[in-house]
Every structure is written in structure tokens, then in C-alpha cells.
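A.B. asks: So that you have it, the file is final-v7.csv, and it contains CSV, C-alpha atoms:
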```csv
chain,number,residue,atom,x,y,z
A,1,MET,CA,87.1,116.7,95.3
A,2,GLN,CA,87.4,119.9,97.3
A,3,PHE,CA,90.8,121.6,97.7
A,4,THR,CA,91.1,123.0,101.2
A,5,SER,CA,94.6,124.7,101.1
A,6,GLU,CA,97.4,125.5,98.7
A,7,THR,CA,101.1,126.0,99.6
A,8,THR,CA,103.8,127.1,97.2
A,9,THR,CA,106.7,127.8,99.5
A,10,SER,CA,107.6,126.4,102.9
A,11,GLY,CA,110.5,124.9,104.8
A,12,THR,CA,109.7,121.5,103.5
A,13,LEU,CA,108.8,122.2,99.9
A,14,PRO,CA,111.5,122.5,97.2
A,15,SER,CA,111.3,125.4,94.7
A,16,GLY,CA,108.7,124.8,92.0
A,17,VAL,CA,106.5,122.4,94.0
A,18,ILE,CA,102.8,123.2,94.9
A,19,GLU,CA,101.1,121.3,97.7
A,20,ARG,CA,97.3,121.2,97.8
A,21,THR,CA,95.3,119.4,100.5
A,22,PHE,CA,91.9,118.0,99.6
A,23,THR,CA,88.8,116.1,100.8
A,24,LEU,CA,86.7,113.7,98.8
A,25,GLY,CA,83.8,112.5,100.9
A,26,ASP,CA,85.4,110.9,104.0
A,27,ILE,CA,88.8,110.7,102.2
A,28,THR,CA,91.5,113.2,103.2
A,29,GLY,CA,94.4,113.7,100.9
A,30,VAL,CA,97.2,115.9,99.5
A,31,LEU,CA,98.4,116.6,96.0
A,32,TRP,CA,101.9,117.8,95.0
A,33,LEU,CA,102.4,119.1,91.5
A,34,PRO,CA,104.9,121.2,89.5
A,35,ASP,CA,104.1,124.9,89.6
A,36,SER,CA,104.3,124.9,85.8
A,37,ARG,CA,101.3,122.4,85.9
A,38,PRO,CA,102.2,120.6,82.7
A,39,ILE,CA,99.2,118.6,81.2
A,40,GLY,CA,99.7,114.9,81.3
A,41,ALA,CA,102.5,114.7,83.8
A,42,PRO,CA,102.9,111.2,85.2
A,43,LEU,CA,100.8,110.6,88.3
A,44,LEU,CA,102.3,108.7,91.3
A,45,LEU,CA,100.0,107.4,94.1
A,46,SER,CA,101.9,107.2,97.3
A,47,GLY,CA,100.8,104.8,100.1
A,48,HIS,CA,102.0,105.6,103.7
A,49,ALA,CA,103.2,103.1,106.2
A,50,GLY,CA,101.0,101.7,109.0
A,51,GLY,CA,100.6,104.1,111.9
A,52,MET,CA,101.6,107.0,109.7
A,53,HIS,CA,99.7,109.4,107.5
A,54,LYS,CA,99.5,111.2,104.1
A,55,LYS,CA,102.2,113.8,105.1
A,56,ALA,CA,104.7,111.6,106.9
A,57,PRO,CA,108.2,113.1,106.5
A,58,GLY,CA,109.6,110.3,104.4
A,59,LEU,CA,106.6,110.3,102.1
A,60,VAL,CA,106.7,114.1,101.6
A,61,ALA,CA,110.5,113.9,100.9
A,62,ASN,CA,109.9,111.2,98.2
A,63,ALA,CA,106.9,113.0,96.8
A,64,THR,CA,108.5,116.4,96.4
A,65,GLN,CA,111.7,114.9,94.9
A,66,CYS,CA,109.6,113.1,92.3
A,67,VAL,CA,107.8,116.4,91.5
A,68,ALA,CA,110.9,118.7,91.5
A,69,THR,CA,113.3,116.3,89.8
A,70,TYR,CA,111.1,114.2,87.5
A,71,GLY,CA,108.0,116.4,86.9
A,72,PHE,CA,105.6,114.0,88.5
A,73,THR,CA,102.3,114.8,90.1
A,74,VAL,CA,102.0,112.9,93.4
A,75,ALA,CA,98.9,112.1,95.5
A,76,ALA,CA,98.6,110.6,99.0
A,77,ILE,CA,95.6,109.9,101.1
A,78,ASP,CA,95.1,108.9,104.7
A,79,ALA,CA,94.3,105.2,105.0
A,80,PRO,CA,91.2,104.3,106.9
A,81,GLY,CA,91.8,105.0,110.6
A,82,HIS,CA,95.0,107.0,110.0
A,83,GLY,CA,96.0,110.6,109.9
A,84,ASP,CA,92.9,112.9,110.0
A,85,ARG,CA,90.5,109.9,109.9
A,86,THR,CA,89.0,108.3,113.0
A,87,ARG,CA,89.8,104.7,113.9
A,88,ASN,CA,87.0,102.3,114.3
A,89,GLN,CA,86.9,99.9,117.3
A,90,GLN,CA,88.5,97.0,115.5
A,91,ASP,CA,91.4,99.2,114.2
A,92,GLN,CA,92.0,100.5,117.7
A,93,TYR,CA,92.1,97.0,119.0
A,94,TRP,CA,94.8,96.1,116.5
A,95,ALA,CA,96.8,99.2,117.2
A,96,ASP,CA,96.7,98.5,120.9
A,97,ALA,CA,97.7,94.9,120.3
A,98,ILE,CA,100.7,96.0,118.2
A,99,HIS,CA,101.9,98.4,121.0
A,100,GLN,CA,101.5,95.7,123.6
A,101,ALA,CA,103.4,93.1,121.6
A,102,ARG,CA,106.3,95.6,121.0
A,103,SER,CA,106.4,96.4,124.7
A,104,ALA,CA,106.5,92.7,125.6
A,105,ARG,CA,109.1,92.1,122.8
A,106,GLU,CA,106.7,89.6,121.2
A,107,PRO,CA,106.3,89.1,117.4
A,108,ILE,CA,104.1,91.7,115.8
A,109,ALA,CA,103.9,90.2,112.3
A,110,PRO,CA,100.7,88.2,112.8
A,111,ILE,CA,98.8,91.3,114.1
A,112,VAL,CA,100.2,93.7,111.6
A,113,ILE,CA,99.3,91.4,108.7
A,114,ASP,CA,95.7,91.0,109.7
A,115,TYR,CA,95.5,94.8,110.4
A,116,SER,CA,97.1,95.7,107.1
A,117,LEU,CA,94.9,93.3,105.1
A,118,SER,CA,91.7,94.8,106.7
A,119,VAL,CA,92.8,98.4,106.0
A,120,ALA,CA,93.9,97.6,102.5
A,121,GLU,CA,90.6,96.1,101.6
A,122,ARG,CA,88.9,99.4,102.6
A,123,ALA,CA,91.6,101.6,101.1
A,124,VAL,CA,91.6,100.1,97.5
A,125,PRO,CA,88.1,101.4,96.6
A,126,GLU,CA,89.1,104.8,98.2
A,127,TRP,CA,92.2,105.0,96.0
A,128,GLN,CA,90.1,104.1,93.0
A,129,THR,CA,87.6,106.9,93.8
A,130,THR,CA,90.5,109.3,94.3
A,131,LEU,CA,92.1,108.3,91.0
A,132,ASP,CA,88.7,108.9,89.3
A,133,ALA,CA,88.6,112.4,90.7
A,134,LEU,CA,92.2,113.2,89.9
A,135,GLN,CA,91.8,112.0,86.3
A,136,ALA,CA,88.8,114.3,86.0
A,137,MET,CA,91.2,117.3,86.6
A,138,PRO,CA,92.2,118.9,83.3
A,139,GLU,CA,95.9,119.0,84.2
A,140,ILE,CA,95.9,115.3,84.8
A,141,GLY,CA,93.4,113.6,82.5
A,142,VAL,CA,92.5,110.0,81.8
A,143,ASP,CA,95.5,109.3,79.5
A,144,THR,CA,98.1,110.1,82.2
A,145,LYS,CA,100.2,107.1,83.2
A,146,VAL,CA,99.8,106.1,86.8
A,147,GLY,CA,102.3,104.5,89.2
A,148,TYR,CA,102.1,103.5,92.8
A,149,GLY,CA,104.8,103.5,95.6
A,150,GLY,CA,104.5,102.4,99.2
A,151,VAL,CA,106.0,100.8,102.3
A,152,THR,CA,104.6,98.4,104.8
A,153,LEU,CA,100.8,99.0,104.9
A,154,GLY,CA,101.3,100.9,101.6
A,155,VAL,CA,102.7,97.8,100.0
A,156,VAL,CA,99.7,95.6,100.9
A,157,THR,CA,97.4,98.3,99.6
A,158,GLY,CA,99.4,98.8,96.4
A,159,ILE,CA,99.5,95.1,95.5
A,160,ALA,CA,95.8,94.8,96.0
A,161,LEU,CA,95.2,98.0,94.0
A,162,ALA,CA,97.4,96.9,91.1
A,163,ALA,CA,95.7,93.5,91.0
A,164,ALA,CA,92.2,95.2,90.9
A,165,ASP,CA,92.8,98.2,88.7
A,166,SER,CA,94.4,98.2,85.3
A,167,ARG,CA,95.3,101.9,85.5
A,168,ILE,CA,98.3,101.1,87.7
A,169,ALA,CA,101.2,100.8,85.3
A,170,ALA,CA,104.2,100.3,87.7
A,171,LEU,CA,104.8,99.5,91.4
A,172,SER,CA,107.7,100.5,93.6
A,173,LEU,CA,107.5,98.8,97.0
A,174,GLY,CA,109.4,98.7,100.3
A,175,GLY,CA,109.5,96.3,103.2
A,176,VAL,CA,106.4,94.5,104.4
A,177,PHE,CA,105.3,91.6,106.5
A,178,VAL,CA,104.3,88.7,104.3
A,179,ASN,CA,101.7,85.9,104.5
A,180,ASP,CA,100.1,83.5,102.0
A,181,SER,CA,97.2,85.9,101.2
A,182,LEU,CA,99.7,88.6,100.2
A,183,ILE,CA,101.6,86.2,98.0
A,184,ASP,CA,98.4,85.1,96.3
A,185,SER,CA,97.6,88.8,95.6
A,186,ALA,CA,101.2,89.3,94.2
A,187,ARG,CA,100.6,86.5,91.7
A,188,LYS,CA,97.9,88.6,90.1
A,189,VAL,CA,100.2,91.6,89.5
A,190,THR,CA,101.7,91.7,86.0
A,191,VAL,CA,103.0,95.3,85.8
A,192,PRO,CA,106.7,96.2,86.2
A,193,VAL,CA,107.6,96.0,89.9
A,194,GLU,CA,110.6,97.2,91.9
A,195,CYS,CA,111.0,95.9,95.5
A,196,ARG,CA,113.4,97.0,98.2
A,197,MET,CA,114.2,95.1,101.3
A,198,PRO,CA,116.8,95.3,104.2
A,199,TRP,CA,119.1,92.3,104.4
A,200,ASP,CA,119.6,92.7,108.1
A,201,GLY,CA,116.0,93.4,109.2
A,202,ASP,CA,114.9,92.5,112.7
A,203,GLU,CA,111.2,92.4,111.8
A,204,PHE,CA,110.9,91.8,108.1
A,205,GLU,CA,111.9,88.2,107.3
A,206,ARG,CA,114.4,88.0,104.5
A,207,ASP,CA,113.1,84.7,103.1
A,208,ALA,CA,109.5,86.0,103.1
A,209,GLY,CA,110.5,89.1,101.2
A,210,ILE,CA,112.2,87.0,98.6
A,211,ALA,CA,109.1,84.7,98.3
A,212,LEU,CA,106.9,87.8,97.8
A,213,PHE,CA,109.2,89.1,95.0
A,214,ASP,CA,109.2,85.7,93.3
A,215,ALA,CA,105.4,85.5,93.4
A,216,PHE,CA,104.9,88.6,91.2
A,217,ALA,CA,103.8,87.6,87.7
A,218,SER,CA,105.5,90.6,86.2
A,219,LYS,CA,107.7,90.1,83.1
A,220,GLU,CA,109.9,92.9,84.4
A,221,LYS,CA,110.7,93.0,88.1
A,222,ALA,CA,113.8,94.0,90.2
A,223,LEU,CA,114.8,93.3,93.8
A,224,HIS,CA,117.0,95.8,95.6
A,225,VAL,CA,118.6,94.4,98.8
A,226,TYR,CA,120.6,96.8,101.0
A,227,SER,CA,122.5,96.3,104.2
A,228,GLY,CA,120.9,97.8,107.3
A,229,ARG,CA,117.8,97.6,109.5
A,230,ASP,CA,114.1,97.6,108.6
A,231,TYR,CA,113.1,101.2,108.4
A,232,ALA,CA,116.3,103.1,107.4
A,233,ILE,CA,116.0,103.3,103.6
A,234,PRO,CA,119.2,104.6,102.0
A,235,GLU,CA,118.9,107.8,100.1
A,236,HIS,CA,120.2,106.2,96.9
A,237,GLU,CA,117.3,103.7,97.0
A,238,ARG,CA,114.9,106.6,96.9
A,239,ASP,CA,116.6,107.8,93.8
A,240,ASN,CA,116.5,104.3,92.3
A,241,SER,CA,112.7,104.2,92.9
A,242,ALA,CA,112.2,107.6,91.2
A,243,ARG,CA,114.2,106.5,88.2
A,244,PHE,CA,112.4,103.2,87.9
A,245,LEU,CA,109.0,105.0,88.0
A,246,SER,CA,110.2,107.6,85.5
A,247,ARG,CA,111.3,104.9,83.1
A,248,HIS,CA,107.9,103.3,83.1
A,249,LEU,CA,105.7,106.3,83.4
A,250,VAL,CA,107.6,108.8,81.2
A,251,GLY,CA,109.2,106.3,78.9
A,252,GLN,CA,112.7,107.5,79.4
A,253,PRO,CA,115.3,104.7,78.8
A,254,PRO,CA,117.7,104.0,81.6
A,255,THR,CA,121.0,105.8,81.4
A,256,ALA,CA,124.2,103.8,80.9
```
Give the structure from the file, written as C-alpha cells.
C.D. replies:
Amino acid sequence: MQFTSETTTSGTLPSGVIERTFTLGDITGVLWLPDSRPIGAPLLLSGHAGGMHKKAPGLVANATQCVATYGFTVAAIDAPGHGDRTRNQQDQYWADAIHQARSAREPIAPIVIDYSLSVAERAVPEWQTTLDALQAMPEIGVDTKVGYGGVTLGVVTGIALAAADSRIAALSLGGVFVNDSLIDSARKVTVPVECRMPWDGDEFERDAGIALFDAFASKEKALHVYSGRDYAIPEHERDNSARFLSRHLVGQPPTA
């Protein structure tokens, strides 16, 4: 892992947060950590939405809040074909097909699902490689508890990662398009899971989201439903996600 820049203060960074960009082979990523750099702080892996990147505004806001308020270390990487990474021919075909379907007001779910599953299959080993490198850092270490949070594409990747890697201790997930393959993957997940979904979404189907939640094999799981459309996540839901992860990664009991 090679760090390529470090920022300690900017218009988007709260006080006490350090931002470090890195490369790891073909992987491009960013790490946010407390400036105090406590050893063993919980590590959160953050998966961006489809069509976005490692420094999407919402992802950065969530990451820096987790660092500044809860003392986490947070890492994000560009998914294959996203951000600073070049799309292959098949990825470009899917991206074009999604844009065309939106323009024609046709359903995009079948295209997005196939695209997301393909990207997630490639992203999981990259996340594992990134996690290996992060745990090799003295300020993180192999004993640090690891959580994962994501939306849309990040959900598909997170479910597959949690099913494949026992180091993931908790999942916090947003809206996603659902098919049988994703439900089958959810049945392999046993760690605590918190899911969020809009009740009035135009694209994410309510019944499919409930079916996905029901499929998780986790003994502890929670479903947060909020009024509103697909991509407008209420601020209090971001707080709920951070508290959920803190409870399972830090061990703090929930407050009354």
C-alpha cells in the first residue's frame, strides 16, 4: 500500500480527521482516521453506490462523522470501473444500457442487478487485499474489529464480502435492487445486520427489500423504514447506522 497524499484540514474535513489517499496495485482508495491515531480503533469499510466513487459526498460525510464522533478508522476504495479506475468494455455496455433505460423511462433493475453482481464479484477479493494491507498497519492491526457499510452497489459487495470473509463483524446497508442470487448470498450472512429502506421508493421495491432482510441468517438484525424516495437518506438514519456499528465494533451498549 502506497500513500499518495495526506490532508488534515479542508472545507470538507471536520477537526481531528486525517484523510490519506492510497494505491494498492490497481486499487485506488482513501483512508480517514483520527489525528490522535489510537491503536486498535474500529475499522469501517465503506462501499460506494453504483456510478459513484470512493470520495462521493455522502460517503465522505458518513466516513468523517464516524471518525470525528466515534473514533473509527474508515476506508473506501473505487469499485472496478469506477472513480479513478478504467471501465472495461462490458462495464461500459451496462452503464450505457442503464442511461438508455432511464431516458426511455424503462425499468433499470434487471440491468443494475447484473452489473452490480459482476462488479461485486471482482470487488470482493480487492476488499480482502485492502483489508490485509490495512491490518498490516501498526495503528490498525489484525485484532481490530471490522464493519462494513454500503448502499446500492455497495450493498451487493458487502453481502458477498461478509459471506466470504469472517473478519467482517457487522453490516449496515442501504437500498438495493434485489434478485434471487442476492437473497441466496444473504442467507450466508450471520453477523449483525442493520438495513435501511425507503417506504415510498420509485425504483427499490418494498417487498423485495423486506424479502432480502428476511433472508439474512443473522441472530441480530434490524430493519429501518423511512418515508421518502429512494436516494434521500434522512440524517437521523446516518446517526443510527453509526451507533449500530459502534455498538458492535466498540462494544458500547445502546443508550436508553
A.B. asks: Would you pick out the contacts of Val189 of chain A at 8 Å or less, using all atoms listed in the file, so that residues sharing its chain but fewer than 3 positions from it are not included, and give the list as a compact mmCIF listing (two decimals) with C-alpha atoms, in the frame of the given file?
C.D. replies:
```
# COMPACT_ATOMS: atom_id res chain seq x y z
CA ILE A 159 99.50 95.10 95.50
CA ALA A 162 97.40 96.90 91.10
CA ALA A 163 95.70 93.50 91.00
CA SER A 185 97.60 88.80 95.60
CA ALA A 186 101.20 89.30 94.20
CA PHE A 216 104.90 88.60 91.20
CA ALA A 217 103.80 87.60 87.70
CA SER A 218 105.50 90.60 86.20
```
A.B. asks: I'd like the neighbourhood of Pro80 of chain A as number ranges by chain, where a residue qualifies if any of its atoms comes within 7 Å (using only C-alpha atoms), though same-chain residues fewer than 3 positions away should be ignored.
C.D. replies: A: 85, 119, 122-123
A.B. asks: Using atom CA of Leu117 of chain A and atom CA of Trp94 of chain A as the two end points, give the distance in Å to one decimal.
C.D. replies: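 Interatomic distance, atom CA of Leu117 of chain A to atom CA of Trp94 of chain A: 11.7 Å.
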A.B. asks: Please check which residues have atoms at most 9 Å from (100.5, 103.2, 111.0) in the file's coordinates, counting only C-alpha atoms, and write them as a PyMOL selection string.
C.D. replies: chain A and resi 48-53+79+81-83+95+152-153
A.B. asks: Using only C-alpha atoms, find all polymer residues with an atom at most 12 Å away from the point (106.0, 123.1, 101.5); report them as a PyMOL selection string.
C.D. replies: chain A and resi 5-21+30-33+55+57+60-61+63-65+68
A.B. asks: For Ala211 of chain A, which residue among A:Asp180, A:Asp239, A:Glu194, A:Asp35 is the nearest when counting only C-alpha atoms?
C.D. replies: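 Nearest to Ala211 of chain A: A:Asp180.
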A.B. asks: For Leu44 of chain A, which residue out of A:Phe72, A:Tyr115, A:Tyr93, A:Trp127 is the nearest one, using only C-alpha atoms?
C.D. replies: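 Closest to Leu44 of chain A of all the choices is A:Phe72.
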A.B. asks: Export N, CA and C atoms of segment 34-81 of chain A from the structure just given, as a short mmCIF file (atom, residue, chain, number, x, y, z; two decimals), in the first residue's frame?
C.D. replies:
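File selection-v8.cif, as written:
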```cif
data_model
loop_
_atom_site.label_atom_id
_atom_site.label_comp_id
_atom_site.auth_asym_id
_atom_site.auth_seq_id
_atom_site.Cartn_x
_atom_site.Cartn_y
_atom_site.Cartn_z
N PRO A 34 -8.59 9.19 12.91
CA PRO A 34 -8.43 10.27 13.89
C PRO A 34 -7.00 10.76 13.92
N ASP A 35 -6.82 12.07 14.11
CA ASP A 35 -5.45 12.59 14.15
C ASP A 35 -4.68 12.10 15.36
N SER A 36 -5.40 11.61 16.38
CA SER A 36 -4.72 11.02 17.53
C SER A 36 -4.18 9.63 17.22
N ARG A 37 -4.72 9.00 16.15
CA ARG A 37 -4.29 7.69 15.67
C ARG A 37 -4.24 6.65 16.78
N PRO A 38 -5.33 6.43 17.49
CA PRO A 38 -5.31 5.41 18.54
C PRO A 38 -5.15 4.02 17.95
N ILE A 39 -4.34 3.20 18.58
CA ILE A 39 -4.12 1.84 18.10
C ILE A 39 -5.37 1.00 18.38
N GLY A 40 -5.81 0.25 17.37
CA GLY A 40 -6.94 -0.65 17.54
C GLY A 40 -8.31 -0.01 17.40
N ALA A 41 -8.39 1.21 16.89
CA ALA A 41 -9.70 1.82 16.66
C ALA A 41 -10.48 0.97 15.67
N PRO A 42 -11.80 0.85 15.84
CA PRO A 42 -12.59 0.03 14.91
C PRO A 42 -12.41 0.50 13.47
N LEU A 43 -12.44 -0.46 12.56
CA LEU A 43 -12.23 -0.17 11.14
C LEU A 43 -13.55 -0.38 10.40
N LEU A 44 -13.97 0.63 9.66
CA LEU A 44 -15.19 0.55 8.85
C LEU A 44 -14.80 0.59 7.38
N LEU A 45 -15.23 -0.40 6.63
CA LEU A 45 -15.06 -0.42 5.18
C LEU A 45 -16.33 0.16 4.57
N SER A 46 -16.18 1.14 3.69
CA SER A 46 -17.33 1.86 3.15
C SER A 46 -17.43 1.64 1.65
N GLY A 47 -18.55 1.03 1.21
CA GLY A 47 -18.75 0.74 -0.21
C GLY A 47 -19.64 1.77 -0.86
N HIS A 48 -19.16 2.37 -1.95
CA HIS A 48 -19.92 3.44 -2.60
C HIS A 48 -21.03 2.88 -3.50
N ALA A 49 -21.92 3.75 -3.90
CA ALA A 49 -23.04 3.38 -4.77
C ALA A 49 -22.56 3.18 -6.21
N GLY A 50 -23.37 2.50 -7.01
CA GLY A 50 -23.06 2.32 -8.41
C GLY A 50 -22.99 3.66 -9.13
N GLY A 51 -21.98 3.82 -9.98
CA GLY A 51 -21.79 5.07 -10.70
C GLY A 51 -21.08 6.14 -9.90
N MET A 52 -20.78 5.87 -8.63
CA MET A 52 -20.10 6.85 -7.77
C MET A 52 -18.64 6.44 -7.59
N HIS A 53 -18.03 6.86 -6.48
CA HIS A 53 -16.60 6.63 -6.29
C HIS A 53 -16.26 6.74 -4.81
N LYS A 54 -15.00 6.53 -4.49
CA LYS A 54 -14.55 6.44 -3.09
C LYS A 54 -14.71 7.74 -2.31
N LYS A 55 -14.81 8.88 -3.01
CA LYS A 55 -14.96 10.16 -2.32
C LYS A 55 -16.27 10.84 -2.71
N ALA A 56 -17.31 10.05 -2.93
CA ALA A 56 -18.65 10.61 -3.16
C ALA A 56 -19.06 11.41 -1.92
N PRO A 57 -19.75 12.54 -2.10
CA PRO A 57 -20.05 13.42 -0.95
C PRO A 57 -20.73 12.74 0.21
N GLY A 58 -21.73 11.92 -0.05
CA GLY A 58 -22.42 11.24 1.05
C GLY A 58 -21.52 10.27 1.78
N LEU A 59 -20.68 9.57 1.04
CA LEU A 59 -19.75 8.62 1.66
C LEU A 59 -18.76 9.36 2.55
N VAL A 60 -18.22 10.48 2.05
CA VAL A 60 -17.26 11.25 2.84
C VAL A 60 -17.91 11.78 4.11
N ALA A 61 -19.16 12.26 3.99
CA ALA A 61 -19.87 12.78 5.17
C ALA A 61 -20.04 11.70 6.22
N ASN A 62 -20.44 10.50 5.79
CA ASN A 62 -20.61 9.40 6.73
C ASN A 62 -19.28 9.00 7.36
N ALA A 63 -18.26 8.91 6.51
CA ALA A 63 -16.95 8.46 6.99
C ALA A 63 -16.37 9.42 8.02
N THR A 64 -16.39 10.70 7.71
CA THR A 64 -15.79 11.67 8.63
C THR A 64 -16.59 11.80 9.93
N GLN A 65 -17.92 11.59 9.84
CA GLN A 65 -18.72 11.59 11.06
C GLN A 65 -18.32 10.42 11.96
N CYS A 66 -18.12 9.24 11.36
CA CYS A 66 -17.73 8.07 12.13
C CYS A 66 -16.36 8.26 12.78
N VAL A 67 -15.47 8.96 12.09
CA VAL A 67 -14.14 9.22 12.65
C VAL A 67 -14.22 10.25 13.76
N ALA A 68 -14.87 11.40 13.46
CA ALA A 68 -14.89 12.52 14.40
C ALA A 68 -15.71 12.22 15.65
N THR A 69 -16.83 11.51 15.48
CA THR A 69 -17.74 11.29 16.61
C THR A 69 -17.48 9.99 17.35
N TYR A 70 -17.11 8.93 16.60
CA TYR A 70 -17.00 7.61 17.20
C TYR A 70 -15.57 7.06 17.23
N GLY A 71 -14.62 7.80 16.65
CA GLY A 71 -13.24 7.36 16.71
C GLY A 71 -12.88 6.23 15.78
N PHE A 72 -13.71 5.97 14.76
CA PHE A 72 -13.42 4.91 13.81
C PHE A 72 -12.24 5.29 12.90
N THR A 73 -11.68 4.29 12.27
CA THR A 73 -10.90 4.46 11.05
C THR A 73 -11.78 3.95 9.92
N VAL A 74 -11.84 4.69 8.81
CA VAL A 74 -12.73 4.34 7.70
C VAL A 74 -11.93 4.26 6.41
N ALA A 75 -12.19 3.22 5.63
CA ALA A 75 -11.52 3.05 4.34
C ALA A 75 -12.56 2.87 3.24
N ALA A 76 -12.28 3.45 2.07
CA ALA A 76 -13.11 3.27 0.89
C ALA A 76 -12.20 3.05 -0.31
N ILE A 77 -12.65 2.22 -1.24
CA ILE A 77 -11.90 2.02 -2.48
C ILE A 77 -12.85 2.20 -3.66
N ASP A 78 -12.28 2.56 -4.80
CA ASP A 78 -13.05 2.62 -6.03
C ASP A 78 -13.36 1.20 -6.48
N ALA A 79 -14.64 0.91 -6.72
CA ALA A 79 -15.01 -0.38 -7.28
C ALA A 79 -14.46 -0.49 -8.70
N PRO A 80 -14.28 -1.70 -9.21
CA PRO A 80 -13.81 -1.85 -10.59
C PRO A 80 -14.65 -1.03 -11.57
N GLY A 81 -13.98 -0.27 -12.42
CA GLY A 81 -14.68 0.55 -13.41
C GLY A 81 -15.28 1.83 -12.87
#
```
